file input-v7.cif (mmCIF, N, CA and C atoms)
data_protein
loop_
_atom_site.label_atom_id
_atom_site.label_comp_id
_atom_site.auth_asym_id
_atom_site.auth_seq_id
_atom_site.Cartn_x
_atom_site.Cartn_y
_atom_site.Cartn_z
N MET A 1 46.49 -112.91 -122.22
CA MET A 1 47.78 -113.59 -122.15
C MET A 1 48.51 -113.13 -120.89
N SER A 2 49.20 -114.04 -120.24
CA SER A 2 49.95 -113.69 -119.04
C SER A 2 51.44 -113.58 -119.37
N TYR A 3 52.13 -112.76 -118.58
CA TYR A 3 53.55 -112.51 -118.76
C TYR A 3 54.26 -112.66 -117.43
N PRO A 4 55.56 -112.98 -117.44
CA PRO A 4 56.30 -113.13 -116.19
C PRO A 4 56.22 -111.89 -115.27
N ASP A 5 56.28 -110.68 -115.85
CA ASP A 5 56.19 -109.44 -115.08
C ASP A 5 54.75 -108.94 -115.19
N GLU A 6 53.97 -109.18 -114.15
CA GLU A 6 52.55 -108.83 -114.17
C GLU A 6 52.21 -107.76 -113.14
N ARG A 7 52.79 -106.59 -113.29
CA ARG A 7 52.48 -105.49 -112.39
C ARG A 7 51.09 -104.93 -112.67
N SER A 8 50.51 -104.33 -111.65
CA SER A 8 49.20 -103.70 -111.80
C SER A 8 49.35 -102.36 -112.53
N PRO A 9 48.26 -101.82 -113.07
CA PRO A 9 48.35 -100.51 -113.70
C PRO A 9 48.94 -99.44 -112.77
N ASP A 10 48.58 -99.46 -111.51
CA ASP A 10 49.14 -98.47 -110.57
C ASP A 10 50.65 -98.67 -110.38
N GLU A 11 51.09 -99.92 -110.35
CA GLU A 11 52.53 -100.18 -110.24
C GLU A 11 53.26 -99.69 -111.49
N TRP A 12 52.66 -99.87 -112.67
CA TRP A 12 53.28 -99.37 -113.90
C TRP A 12 53.32 -97.85 -113.91
N ARG A 13 52.24 -97.20 -113.48
CA ARG A 13 52.20 -95.73 -113.44
C ARG A 13 53.30 -95.17 -112.54
N ALA A 14 53.66 -95.91 -111.50
CA ALA A 14 54.68 -95.45 -110.55
C ALA A 14 56.08 -95.46 -111.15
N VAL A 15 56.31 -96.27 -112.20
CA VAL A 15 57.67 -96.39 -112.75
C VAL A 15 57.80 -95.88 -114.19
N LEU A 16 56.69 -95.60 -114.85
CA LEU A 16 56.72 -95.13 -116.24
C LEU A 16 56.29 -93.67 -116.32
N SER A 17 56.82 -92.96 -117.30
CA SER A 17 56.32 -91.61 -117.58
C SER A 17 54.90 -91.74 -118.14
N LYS A 18 54.18 -90.62 -118.21
CA LYS A 18 52.82 -90.67 -118.77
C LYS A 18 52.84 -91.17 -120.21
N GLU A 19 53.81 -90.73 -121.00
CA GLU A 19 53.89 -91.15 -122.39
C GLU A 19 54.27 -92.63 -122.49
N GLN A 20 55.19 -93.09 -121.65
CA GLN A 20 55.55 -94.51 -121.65
C GLN A 20 54.34 -95.36 -121.27
N PHE A 21 53.59 -94.93 -120.28
CA PHE A 21 52.40 -95.69 -119.87
C PHE A 21 51.38 -95.74 -121.01
N ARG A 22 51.17 -94.60 -121.68
CA ARG A 22 50.20 -94.54 -122.78
C ARG A 22 50.58 -95.51 -123.90
N VAL A 23 51.86 -95.57 -124.23
CA VAL A 23 52.29 -96.44 -125.33
C VAL A 23 52.44 -97.88 -124.88
N LEU A 24 53.22 -98.12 -123.82
CA LEU A 24 53.50 -99.50 -123.39
C LEU A 24 52.28 -100.22 -122.83
N ARG A 25 51.46 -99.55 -122.04
CA ARG A 25 50.37 -100.23 -121.35
C ARG A 25 49.01 -100.02 -122.01
N GLN A 26 48.86 -98.92 -122.79
CA GLN A 26 47.57 -98.65 -123.42
C GLN A 26 47.63 -98.75 -124.95
N LYS A 27 48.73 -99.27 -125.47
CA LYS A 27 48.91 -99.53 -126.90
C LYS A 27 48.85 -98.27 -127.76
N GLY A 28 49.42 -97.20 -127.23
CA GLY A 28 49.47 -95.95 -127.99
C GLY A 28 50.60 -95.96 -129.01
N THR A 29 50.71 -94.86 -129.75
CA THR A 29 51.77 -94.69 -130.74
C THR A 29 52.32 -93.28 -130.62
N GLU A 30 53.64 -93.16 -130.61
CA GLU A 30 54.23 -91.82 -130.60
C GLU A 30 54.21 -91.25 -132.02
N ALA A 31 54.30 -89.95 -132.13
CA ALA A 31 54.28 -89.30 -133.44
C ALA A 31 55.50 -89.74 -134.25
N PRO A 32 55.34 -89.92 -135.57
CA PRO A 32 56.48 -90.32 -136.40
C PRO A 32 57.58 -89.25 -136.38
N PHE A 33 58.81 -89.70 -136.48
CA PHE A 33 60.01 -88.86 -136.52
C PHE A 33 60.25 -88.07 -135.23
N SER A 34 59.56 -88.44 -134.14
CA SER A 34 59.70 -87.71 -132.88
C SER A 34 60.53 -88.44 -131.84
N GLY A 35 60.76 -89.73 -132.01
CA GLY A 35 61.42 -90.53 -130.99
C GLY A 35 62.93 -90.41 -131.01
N LYS A 36 63.54 -90.58 -129.83
CA LYS A 36 65.00 -90.40 -129.72
C LYS A 36 65.80 -91.50 -130.42
N TYR A 37 65.19 -92.64 -130.73
CA TYR A 37 65.94 -93.71 -131.38
C TYR A 37 65.66 -93.84 -132.88
N ASP A 38 64.80 -92.98 -133.42
CA ASP A 38 64.50 -93.05 -134.85
C ASP A 38 65.77 -92.92 -135.70
N LYS A 39 66.58 -91.94 -135.41
CA LYS A 39 67.79 -91.69 -136.21
C LYS A 39 69.07 -92.05 -135.46
N PHE A 40 68.94 -92.74 -134.34
CA PHE A 40 70.10 -93.16 -133.54
C PHE A 40 70.56 -94.53 -134.01
N PHE A 41 71.85 -94.64 -134.28
CA PHE A 41 72.42 -95.92 -134.69
C PHE A 41 73.73 -96.15 -133.94
N SER A 42 74.01 -97.39 -133.60
CA SER A 42 75.25 -97.78 -132.93
C SER A 42 75.70 -99.12 -133.51
N ASP A 43 77.00 -99.34 -133.54
CA ASP A 43 77.53 -100.60 -134.05
C ASP A 43 77.33 -101.76 -133.08
N ALA A 44 77.19 -101.44 -131.80
CA ALA A 44 77.04 -102.49 -130.79
C ALA A 44 76.06 -102.00 -129.73
N GLY A 45 75.55 -102.92 -128.96
CA GLY A 45 74.64 -102.59 -127.88
C GLY A 45 73.34 -103.34 -128.01
N VAL A 46 72.44 -103.05 -127.08
CA VAL A 46 71.14 -103.73 -127.06
C VAL A 46 70.06 -102.73 -126.67
N TYR A 47 68.92 -102.86 -127.34
CA TYR A 47 67.73 -102.08 -127.00
C TYR A 47 66.90 -102.94 -126.06
N THR A 48 66.47 -102.35 -124.95
CA THR A 48 65.72 -103.06 -123.94
C THR A 48 64.34 -102.44 -123.76
N CYS A 49 63.44 -103.19 -123.15
CA CYS A 49 62.10 -102.69 -122.87
C CYS A 49 62.19 -101.57 -121.83
N ALA A 50 61.56 -100.45 -122.12
CA ALA A 50 61.56 -99.32 -121.19
C ALA A 50 60.75 -99.62 -119.94
N GLY A 51 59.91 -100.64 -119.98
CA GLY A 51 59.12 -101.00 -118.82
C GLY A 51 59.83 -101.93 -117.86
N CYS A 52 60.44 -102.99 -118.41
CA CYS A 52 61.00 -104.03 -117.53
C CYS A 52 62.48 -104.33 -117.76
N ASP A 53 63.11 -103.63 -118.69
CA ASP A 53 64.53 -103.78 -119.00
C ASP A 53 64.91 -105.09 -119.69
N ALA A 54 63.94 -105.86 -120.15
CA ALA A 54 64.26 -107.10 -120.87
C ALA A 54 64.93 -106.77 -122.21
N PRO A 55 66.00 -107.47 -122.57
CA PRO A 55 66.63 -107.23 -123.88
C PRO A 55 65.68 -107.62 -125.01
N LEU A 56 65.56 -106.74 -126.02
CA LEU A 56 64.64 -106.96 -127.13
C LEU A 56 65.32 -107.05 -128.49
N TYR A 57 66.21 -106.10 -128.77
CA TYR A 57 66.84 -106.01 -130.09
C TYR A 57 68.32 -105.70 -129.95
N LYS A 58 69.13 -106.33 -130.77
CA LYS A 58 70.55 -105.99 -130.84
C LYS A 58 70.73 -104.80 -131.78
N ALA A 59 71.75 -104.00 -131.52
CA ALA A 59 72.00 -102.81 -132.34
C ALA A 59 72.14 -103.17 -133.81
N ASN A 60 72.73 -104.34 -134.10
CA ASN A 60 72.94 -104.71 -135.50
C ASN A 60 71.67 -105.25 -136.17
N HIS A 61 70.55 -105.30 -135.45
CA HIS A 61 69.25 -105.63 -136.04
C HIS A 61 68.57 -104.38 -136.62
N LYS A 62 69.06 -103.20 -136.25
CA LYS A 62 68.42 -101.94 -136.64
C LYS A 62 68.83 -101.54 -138.05
N PHE A 63 67.88 -100.97 -138.79
CA PHE A 63 68.20 -100.49 -140.13
C PHE A 63 67.41 -99.21 -140.43
N LYS A 64 67.87 -98.47 -141.42
CA LYS A 64 67.22 -97.23 -141.82
C LYS A 64 66.06 -97.56 -142.76
N SER A 65 64.84 -97.29 -142.29
CA SER A 65 63.67 -97.57 -143.11
C SER A 65 63.00 -96.29 -143.62
N GLY A 66 63.25 -95.18 -142.91
CA GLY A 66 62.61 -93.93 -143.28
C GLY A 66 61.15 -93.83 -142.87
N CYS A 67 60.68 -94.77 -142.04
CA CYS A 67 59.26 -94.81 -141.67
C CYS A 67 58.91 -93.84 -140.54
N GLY A 68 59.90 -93.31 -139.82
CA GLY A 68 59.62 -92.38 -138.73
C GLY A 68 59.71 -92.99 -137.35
N TRP A 69 59.94 -94.29 -137.29
CA TRP A 69 60.12 -95.00 -136.03
C TRP A 69 61.33 -95.90 -136.17
N PRO A 70 61.98 -96.26 -135.06
CA PRO A 70 63.07 -97.23 -135.16
C PRO A 70 62.60 -98.51 -135.83
N ALA A 71 63.44 -99.05 -136.71
CA ALA A 71 63.09 -100.26 -137.46
C ALA A 71 64.16 -101.32 -137.25
N TYR A 72 63.73 -102.54 -137.00
CA TYR A 72 64.60 -103.68 -136.78
C TYR A 72 64.14 -104.82 -137.68
N PHE A 73 65.08 -105.59 -138.20
CA PHE A 73 64.68 -106.71 -139.07
C PHE A 73 64.43 -107.98 -138.28
N ASP A 74 64.81 -108.01 -137.00
CA ASP A 74 64.57 -109.19 -136.17
C ASP A 74 64.74 -108.80 -134.71
N SER A 75 64.22 -109.64 -133.83
CA SER A 75 64.38 -109.43 -132.40
C SER A 75 65.31 -110.50 -131.82
N ILE A 76 65.70 -110.31 -130.58
CA ILE A 76 66.44 -111.34 -129.86
C ILE A 76 65.47 -112.53 -129.70
N PRO A 77 65.91 -113.75 -129.98
CA PRO A 77 65.00 -114.91 -129.91
C PRO A 77 64.23 -114.98 -128.59
N GLY A 78 62.92 -115.08 -128.69
CA GLY A 78 62.04 -115.21 -127.53
C GLY A 78 61.71 -113.91 -126.82
N ALA A 79 62.23 -112.78 -127.28
CA ALA A 79 62.06 -111.51 -126.58
C ALA A 79 60.74 -110.81 -126.91
N VAL A 80 60.17 -111.11 -128.07
CA VAL A 80 59.00 -110.39 -128.55
C VAL A 80 57.89 -111.38 -128.91
N THR A 81 56.68 -111.05 -128.51
CA THR A 81 55.53 -111.86 -128.91
C THR A 81 54.75 -111.12 -129.99
N ARG A 82 54.03 -111.87 -130.80
CA ARG A 82 53.24 -111.31 -131.90
C ARG A 82 51.77 -111.65 -131.69
N HIS A 83 50.92 -110.66 -131.97
CA HIS A 83 49.48 -110.83 -131.81
C HIS A 83 48.77 -110.14 -132.96
N GLU A 84 47.67 -110.73 -133.42
CA GLU A 84 46.88 -110.07 -134.46
C GLU A 84 46.22 -108.83 -133.87
N ASP A 85 46.28 -107.74 -134.62
CA ASP A 85 45.70 -106.46 -134.21
C ASP A 85 44.78 -105.99 -135.34
N SER A 86 43.48 -105.97 -135.08
CA SER A 86 42.53 -105.56 -136.11
C SER A 86 41.91 -104.20 -135.80
N THR A 87 42.58 -103.39 -134.98
CA THR A 87 42.09 -102.05 -134.70
C THR A 87 42.34 -101.15 -135.91
N LEU A 88 41.72 -100.01 -135.92
CA LEU A 88 41.88 -99.01 -136.98
C LEU A 88 41.44 -99.51 -138.35
N GLY A 89 40.58 -100.54 -138.38
CA GLY A 89 40.03 -101.03 -139.63
C GLY A 89 41.01 -101.75 -140.54
N MET A 90 42.10 -102.25 -139.97
CA MET A 90 43.08 -103.00 -140.77
C MET A 90 43.62 -104.16 -139.95
N SER A 91 44.24 -105.09 -140.62
CA SER A 91 44.85 -106.23 -139.95
C SER A 91 46.36 -106.04 -139.91
N ARG A 92 46.90 -106.01 -138.70
CA ARG A 92 48.35 -105.85 -138.52
C ARG A 92 48.81 -106.85 -137.47
N ILE A 93 50.11 -106.98 -137.34
CA ILE A 93 50.69 -107.84 -136.31
C ILE A 93 51.34 -106.93 -135.25
N GLU A 94 50.75 -106.95 -134.05
CA GLU A 94 51.30 -106.19 -132.93
C GLU A 94 52.48 -106.95 -132.34
N ILE A 95 53.50 -106.22 -131.89
CA ILE A 95 54.61 -106.84 -131.18
C ILE A 95 54.67 -106.29 -129.76
N CYS A 96 54.90 -107.20 -128.82
CA CYS A 96 54.93 -106.86 -127.39
C CYS A 96 56.16 -107.48 -126.75
N CYS A 97 56.61 -106.89 -125.65
CA CYS A 97 57.69 -107.47 -124.85
C CYS A 97 57.20 -108.79 -124.28
N ALA A 98 57.96 -109.85 -124.47
CA ALA A 98 57.56 -111.17 -123.98
C ALA A 98 57.65 -111.28 -122.46
N ASN A 99 58.34 -110.36 -121.81
CA ASN A 99 58.49 -110.41 -120.36
C ASN A 99 57.36 -109.68 -119.63
N CYS A 100 56.95 -108.49 -120.14
CA CYS A 100 55.94 -107.71 -119.42
C CYS A 100 54.69 -107.42 -120.24
N GLY A 101 54.69 -107.77 -121.52
CA GLY A 101 53.53 -107.50 -122.36
C GLY A 101 53.43 -106.08 -122.85
N GLY A 102 54.45 -105.27 -122.62
CA GLY A 102 54.43 -103.88 -123.07
C GLY A 102 54.34 -103.78 -124.59
N HIS A 103 53.48 -102.88 -125.06
CA HIS A 103 53.31 -102.66 -126.50
C HIS A 103 54.55 -101.99 -127.07
N LEU A 104 55.11 -102.60 -128.10
CA LEU A 104 56.30 -102.05 -128.76
C LEU A 104 55.94 -101.35 -130.06
N GLY A 105 55.06 -101.96 -130.84
CA GLY A 105 54.68 -101.43 -132.14
C GLY A 105 54.08 -102.52 -132.98
N HIS A 106 54.47 -102.57 -134.26
CA HIS A 106 53.94 -103.57 -135.19
C HIS A 106 55.05 -104.09 -136.09
N VAL A 107 54.85 -105.28 -136.62
CA VAL A 107 55.81 -105.86 -137.56
C VAL A 107 55.13 -105.98 -138.92
N PHE A 108 55.87 -105.62 -139.95
CA PHE A 108 55.37 -105.66 -141.33
C PHE A 108 56.28 -106.56 -142.15
N LYS A 109 55.69 -107.36 -143.01
CA LYS A 109 56.46 -108.31 -143.82
C LYS A 109 56.33 -107.97 -145.30
N GLY A 110 57.34 -108.37 -146.06
CA GLY A 110 57.26 -108.29 -147.51
C GLY A 110 57.31 -106.91 -148.10
N GLU A 111 57.93 -105.97 -147.41
CA GLU A 111 58.01 -104.60 -147.93
C GLU A 111 59.20 -104.39 -148.87
N GLY A 112 60.07 -105.40 -148.96
CA GLY A 112 61.18 -105.32 -149.90
C GLY A 112 62.45 -104.67 -149.38
N TYR A 113 62.56 -104.47 -148.08
CA TYR A 113 63.81 -103.94 -147.53
C TYR A 113 64.91 -104.98 -147.69
N PRO A 114 66.13 -104.55 -147.97
CA PRO A 114 67.24 -105.50 -148.16
C PRO A 114 67.79 -106.00 -146.81
N THR A 115 66.97 -106.75 -146.09
CA THR A 115 67.35 -107.29 -144.79
C THR A 115 67.25 -108.81 -144.84
N PRO A 116 67.86 -109.50 -143.89
CA PRO A 116 67.83 -110.97 -143.91
C PRO A 116 66.43 -111.58 -143.76
N THR A 117 65.48 -110.85 -143.17
CA THR A 117 64.16 -111.41 -142.89
C THR A 117 63.03 -110.83 -143.73
N ASP A 118 63.28 -109.74 -144.42
CA ASP A 118 62.24 -108.99 -145.13
C ASP A 118 61.10 -108.62 -144.19
N GLU A 119 61.45 -108.32 -142.94
CA GLU A 119 60.49 -107.83 -141.95
C GLU A 119 60.96 -106.48 -141.45
N ARG A 120 59.98 -105.66 -141.03
CA ARG A 120 60.28 -104.38 -140.38
C ARG A 120 59.51 -104.34 -139.07
N HIS A 121 60.25 -104.43 -137.96
CA HIS A 121 59.66 -104.24 -136.65
C HIS A 121 59.67 -102.73 -136.44
N CYS A 122 58.51 -102.13 -136.50
CA CYS A 122 58.33 -100.68 -136.36
C CYS A 122 58.02 -100.42 -134.88
N VAL A 123 58.99 -99.87 -134.15
CA VAL A 123 58.93 -99.81 -132.69
C VAL A 123 58.92 -98.36 -132.21
N ASN A 124 58.06 -98.07 -131.24
CA ASN A 124 58.04 -96.76 -130.62
C ASN A 124 59.31 -96.55 -129.79
N SER A 125 59.99 -95.44 -130.00
CA SER A 125 61.20 -95.13 -129.22
C SER A 125 60.92 -95.11 -127.72
N VAL A 126 59.75 -94.59 -127.34
CA VAL A 126 59.42 -94.46 -125.93
C VAL A 126 59.28 -95.83 -125.25
N SER A 127 59.15 -96.88 -126.03
CA SER A 127 59.07 -98.25 -125.50
C SER A 127 60.45 -98.84 -125.22
N LEU A 128 61.51 -98.11 -125.57
CA LEU A 128 62.87 -98.64 -125.54
C LEU A 128 63.83 -97.85 -124.65
N ASN A 129 64.85 -98.53 -124.21
CA ASN A 129 66.09 -97.94 -123.68
C ASN A 129 67.22 -98.56 -124.48
N PHE A 130 68.39 -97.95 -124.41
CA PHE A 130 69.55 -98.48 -125.13
C PHE A 130 70.73 -98.60 -124.19
N SER A 131 71.43 -99.73 -124.28
CA SER A 131 72.66 -99.95 -123.53
C SER A 131 73.77 -100.30 -124.50
N PRO A 132 74.88 -99.56 -124.50
CA PRO A 132 75.97 -99.87 -125.43
C PRO A 132 76.73 -101.14 -125.08
N GLU A 133 76.49 -101.73 -123.91
CA GLU A 133 77.26 -102.89 -123.47
C GLU A 133 76.63 -104.24 -123.79
N ASP A 134 75.62 -104.31 -124.62
CA ASP A 134 74.96 -105.58 -124.92
C ASP A 134 74.41 -106.28 -123.69
N LYS A 135 73.94 -105.49 -122.74
CA LYS A 135 73.27 -106.06 -121.57
C LYS A 135 72.12 -105.13 -121.18
N PRO A 136 71.15 -105.62 -120.43
CA PRO A 136 70.00 -104.78 -120.07
C PRO A 136 70.41 -103.53 -119.30
N VAL A 137 69.68 -102.46 -119.53
CA VAL A 137 69.88 -101.24 -118.78
C VAL A 137 69.35 -101.48 -117.37
N GLN A 138 70.11 -101.15 -116.37
CA GLN A 138 69.66 -101.31 -115.00
C GLN A 138 69.19 -99.95 -114.49
N GLY A 139 67.95 -99.89 -114.06
CA GLY A 139 67.41 -98.64 -113.55
C GLY A 139 67.34 -97.55 -114.59
N GLY A 140 67.03 -97.94 -115.82
CA GLY A 140 66.94 -96.96 -116.91
C GLY A 140 65.91 -95.90 -116.62
N SER A 141 65.94 -94.81 -117.35
CA SER A 141 65.01 -93.71 -117.13
C SER A 141 63.59 -94.16 -117.40
N LYS A 142 62.75 -93.88 -116.48
CA LYS A 142 61.35 -94.29 -116.59
C LYS A 142 60.47 -93.09 -116.35
#

call {"tool": "encode", "arguments": {"input": "input-v7.cif", "output": "structure tokens"}}
result
Amino acid sequence: MSYPDERSPDEWRAVLSKEQFRVLRQKGTEAPFSGKYDKFFSDAGVYTCAGCDAPLYKANHKFKSGCGWPAYFDSIPGAVTRHEDSTLGMSRIEICCANCGGHLGHVFKGEGYPTPTDERHCVNSVSLNFSPEDKPVQGGSK
């Protein structure tokens, strides 16, 4: 699949930390309960892709799931793509940034959370930046 932001692996390595590259570009996963956004909540703002700064989730999409990773019940329309992921001997739905293809995590349905969508977007904190102004982070930490 092609994305609007199609940097080479070397270009990504130049702007991402080693951990960001491992998760965003190589589909890694950070350890549960280790990410800076797992227990961070705000009434307003937007979570953006740590790779390309595209807006992904509004602060009011986030909810407490207890899963060890930031959880959102929905994304900003058109911001996230979904792909079947059959690695690790199971079938899951991978979610990626629609602008750069960066791996965000996985989405799970029907778990019974009291949210409008009954979905849990389980997202790696290292894949995200946060801006309290509801706009993309410019030059966020990479």

call {"tool": "closest_residue", "arguments": {"input": "input-v7.cif", "among": "A:Ser65, A:Asp43, A:Met1, A:Ser75", "to": "A:Tyr113", "atoms": "only N, CA and C atoms"}}
result
A:Ser65

call {"tool": "resolve_selection", "arguments": {"input": "input-v7.cif", "expression": "the PyMOL selection byres ((chain A and resi 82) around 5)", "output": "PDB file with N, CA and C atoms, in the frame of the given file"}}
result
ATOM      1  N   VAL A  80      60.170-111.110-128.070  1.00  0.00           N
ATOM      2  CA  VAL A  80      59.000-110.390-128.550  1.00  0.00           C
ATOM      3  C   VAL A  80      57.890-111.380-128.910  1.00  0.00           C
ATOM      4  N   THR A  81      56.680-111.050-128.510  1.00  0.00           N
ATOM      5  CA  THR A  81      55.530-111.860-128.910  1.00  0.00           C
ATOM      6  C   THR A  81      54.750-111.120-129.990  1.00  0.00           C
ATOM      7  N   HIS A  83      50.920-110.660-131.970  1.00  0.00           N
ATOM      8  CA  HIS A  83      49.480-110.830-131.810  1.00  0.00           C
ATOM      9  C   HIS A  83      48.770-110.140-132.960  1.00  0.00           C
ATOM     10  N   GLU A  84      47.670-110.730-133.420  1.00  0.00           N
ATOM     11  CA  GLU A  84      46.880-110.070-134.460  1.00  0.00           C
ATOM     12  C   GLU A  84      46.220-108.830-133.870  1.00  0.00           C
ATOM     13  N   GLU A  94      50.750-106.950-134.050  1.00  0.00           N
ATOM     14  CA  GLU A  94      51.300-106.190-132.930  1.00  0.00           C
ATOM     15  C   GLU A  94      52.480-106.950-132.340  1.00  0.00           C
ATOM     16  N   ILE A  95      53.500-106.220-131.890  1.00  0.00           N
ATOM     17  CA  ILE A  95      54.610-106.840-131.180  1.00  0.00           C
ATOM     18  C   ILE A  95      54.670-106.290-129.760  1.00  0.00           C
TER      19      ILE A  95
END

call {"tool": "closest_residue", "arguments": {"input": "input-v7.cif", "among": "A:His121, A:Lys58, A:Lys18, A:Arg25", "to": "A:His103", "atoms": "all atoms listed in the file"}}
result
A:Arg25

call {"tool": "atom_distance", "arguments": {"input": "input-v7.cif", "atom1": "atom CA of A:Pro77", "atom2": "atom CA of A:Tyr3"}}
result
16.2 Å

call {"tool": "resolve_selection", "arguments": {"input": "input-v7.cif", "expression": "the PyMOL selection byres (((chain A and resi 44 and name CA) around 7) and name CA)", "output": "short mmCIF file (atom, residue, chain, number, x, y, z; two decimals) with N, CA and C atoms, in the coordinates of the input"}}
result
data_model
loop_
_atom_site.label_atom_id
_atom_site.label_comp_id
_atom_site.auth_asym_id
_atom_site.auth_seq_id
_atom_site.Cartn_x
_atom_site.Cartn_y
_atom_site.Cartn_z
N SER A 42 74.01 -97.39 -133.60
CA SER A 42 75.25 -97.78 -132.93
C SER A 42 75.70 -99.12 -133.51
N ASP A 43 77.00 -99.34 -133.54
CA ASP A 43 77.53 -100.60 -134.05
C ASP A 43 77.33 -101.76 -133.08
N GLY A 45 75.55 -102.92 -128.96
CA GLY A 45 74.64 -102.59 -127.88
C GLY A 45 73.34 -103.34 -128.01
N ALA A 59 71.75 -104.00 -131.52
CA ALA A 59 72.00 -102.81 -132.34
C ALA A 59 72.14 -103.17 -133.81
N ASN A 60 72.73 -104.34 -134.10
CA ASN A 60 72.94 -104.71 -135.50
C ASN A 60 71.67 -105.25 -136.17
N PRO A 132 74.88 -99.56 -124.50
CA PRO A 132 75.97 -99.87 -125.43
C PRO A 132 76.73 -101.14 -125.08
N ASP A 134 75.62 -104.31 -124.62
CA ASP A 134 74.96 -105.58 -124.92
C ASP A 134 74.41 -106.28 -123.69
#

call {"tool": "residues_around", "arguments": {"input": "input-v7.cif", "residues": "A:Ser125", "least_positions_apart": "6", "cutoff": "7 Å", "atoms": "only N, CA and C atoms", "output": "list in words"}}
result
Glu30, Gly35, Lys36, Tyr37, Asp38, Trp69 and Pro70 of chain A

call {"tool": "atom_distance", "arguments": {"input": "input-v7.cif", "atom1": "atom CA of A:Val123", "atom2": "atom CA of A:Ala54"}}
result
14.9 Å

call {"tool": "closest_residue", "arguments": {"input": "input-v7.cif", "among": "A:Val46, A:Glu111, A:Asp5, A:Glu19", "to": "A:Ser127", "atoms": "all atoms listed in the file"}}
result
A:Glu19

call {"tool": "select_by_dssp", "arguments": {"input": "input-v7.cif", "residues": "chain A", "states": "strand (DSSP E or B)", "output": "MDAnalysis selection string"}}
result
chainID A and resid 46:49 55:58 62:63 71:72 80:85 92:97 103:109 119:123 128:131

call {"tool": "residues_around", "arguments": {"input": "input-v7.cif", "residues": "A:Gly51", "least_positions_apart": "3", "cutoff": "8 Å", "atoms": "only N, CA and C atoms", "output": "compact mmCIF listing (two decimals) with N, CA and C atoms, keeping the file's coordinate frame"}}
result
# COMPACT_ATOMS: atom_id res chain seq x y z
N TRP A 12 52.66 -99.87 -112.67
CA TRP A 12 53.28 -99.37 -113.90
C TRP A 12 53.32 -97.85 -113.91
N VAL A 15 56.31 -96.27 -112.20
CA VAL A 15 57.67 -96.39 -112.75
C VAL A 15 57.80 -95.88 -114.19
N LEU A 16 56.69 -95.60 -114.85
CA LEU A 16 56.72 -95.13 -116.24
C LEU A 16 56.29 -93.67 -116.32
N GLN A 20 55.19 -93.09 -121.65
CA GLN A 20 55.55 -94.51 -121.65
C GLN A 20 54.34 -95.36 -121.27
N LEU A 24 53.22 -98.12 -123.82
CA LEU A 24 53.50 -99.50 -123.39
C LEU A 24 52.28 -100.22 -122.83
N THR A 48 66.47 -102.35 -124.95
CA THR A 48 65.72 -103.06 -123.94
C THR A 48 64.34 -102.44 -123.76
N ALA A 54 63.94 -105.86 -120.15
CA ALA A 54 64.26 -107.10 -120.87
C ALA A 54 64.93 -106.77 -122.21
N CYS A 100 56.95 -108.49 -120.14
CA CYS A 100 55.94 -107.71 -119.42
C CYS A 100 54.69 -107.42 -120.24
N GLY A 102 54.45 -105.27 -122.62
CA GLY A 102 54.43 -103.88 -123.07
C GLY A 102 54.34 -103.78 -124.59
N VAL A 126 59.75 -94.59 -127.34
CA VAL A 126 59.42 -94.46 -125.93
C VAL A 126 59.28 -95.83 -125.25
N SER A 127 59.15 -96.88 -126.03
CA SER A 127 59.07 -98.25 -125.50
C SER A 127 60.45 -98.84 -125.22
N LEU A 128 61.51 -98.11 -125.57
CA LEU A 128 62.87 -98.64 -125.54
C LEU A 128 63.83 -97.85 -124.65
N ASN A 129 64.85 -98.53 -124.21
CA ASN A 129 66.09 -97.94 -123.68
C ASN A 129 67.22 -98.56 -124.48
N SER A 141 65.94 -94.81 -117.35
CA SER A 141 65.01 -93.71 -117.13
C SER A 141 63.59 -94.16 -117.40
N LYS A 142 62.75 -93.88 -116.48
CA LYS A 142 61.35 -94.29 -116.59
C LYS A 142 60.47 -93.09 -116.35

call {"tool": "atom_distance", "arguments": {"input": "input-v7.cif", "atom1": "atom C of A:Asp74", "atom2": "atom C of A:Pro9"}}
result
28.6 Å

call {"tool": "resolve_selection", "arguments": {"input": "input-v7.cif", "expression": "the PyMOL selection byres ((chain A and resi 33) around 6)", "output": "list in words"}}
result
Ala31, Pro32, Ser34, Gly35, Cys67, Gly68 and Trp69 of chain A

call {"tool": "axis_aligned_box", "arguments": {"input": "input-v7.cif", "around": "stretch 59-65 of chain A", "padding_each_side": "4 Å", "output": "JSON"}}
result
{"center_x": 68.0, "center_y": -101.0, "center_z": -137.6, "size_x": 17.9, "size_y": 17.3, "size_z": 20.1}

call {"tool": "residues_around", "arguments": {"input": "input-v7.cif", "residues": "A:Arg120", "least_positions_apart": "3", "cutoff": "6 Å", "atoms": "all atoms listed in the file", "output": "ChimeraX atom specification"}}
result
/A:71-73,106-109

call {"tool": "closest_residue", "arguments": {"input": "input-v7.cif", "among": "A:Arg92, A:Gly112, A:Thr117, A:Ala50", "to": "A:Phe130", "atoms": "all atoms listed in the file"}}
result
A:Ala50

call {"tool": "select_by_dssp", "arguments": {"input": "input-v7.cif", "residues": "chain A", "states": "helix (DSSP H, G or I)", "output": "list of chain:residue names"}}
result
A:Pro9, A:Asp10, A:Glu11, A:Trp12, A:Arg13, A:Ala14, A:Val15, A:Lys18, A:Glu19, A:Gln20, A:Phe21, A:Arg22, A:Val23, A:Leu24, A:Arg25, A:Ala59, A:Asn60, A:His61, A:Thr87, A:Leu88, A:Gly89, A:Ser125, A:Val126, A:Ser127

call {"tool": "closest_residue", "arguments": {"input": "input-v7.cif", "among": "A:Ile93, A:Asn99, A:Thr29, A:Ser131", "to": "A:Cys52", "atoms": "all atoms listed in the file"}}
result
A:Asn99
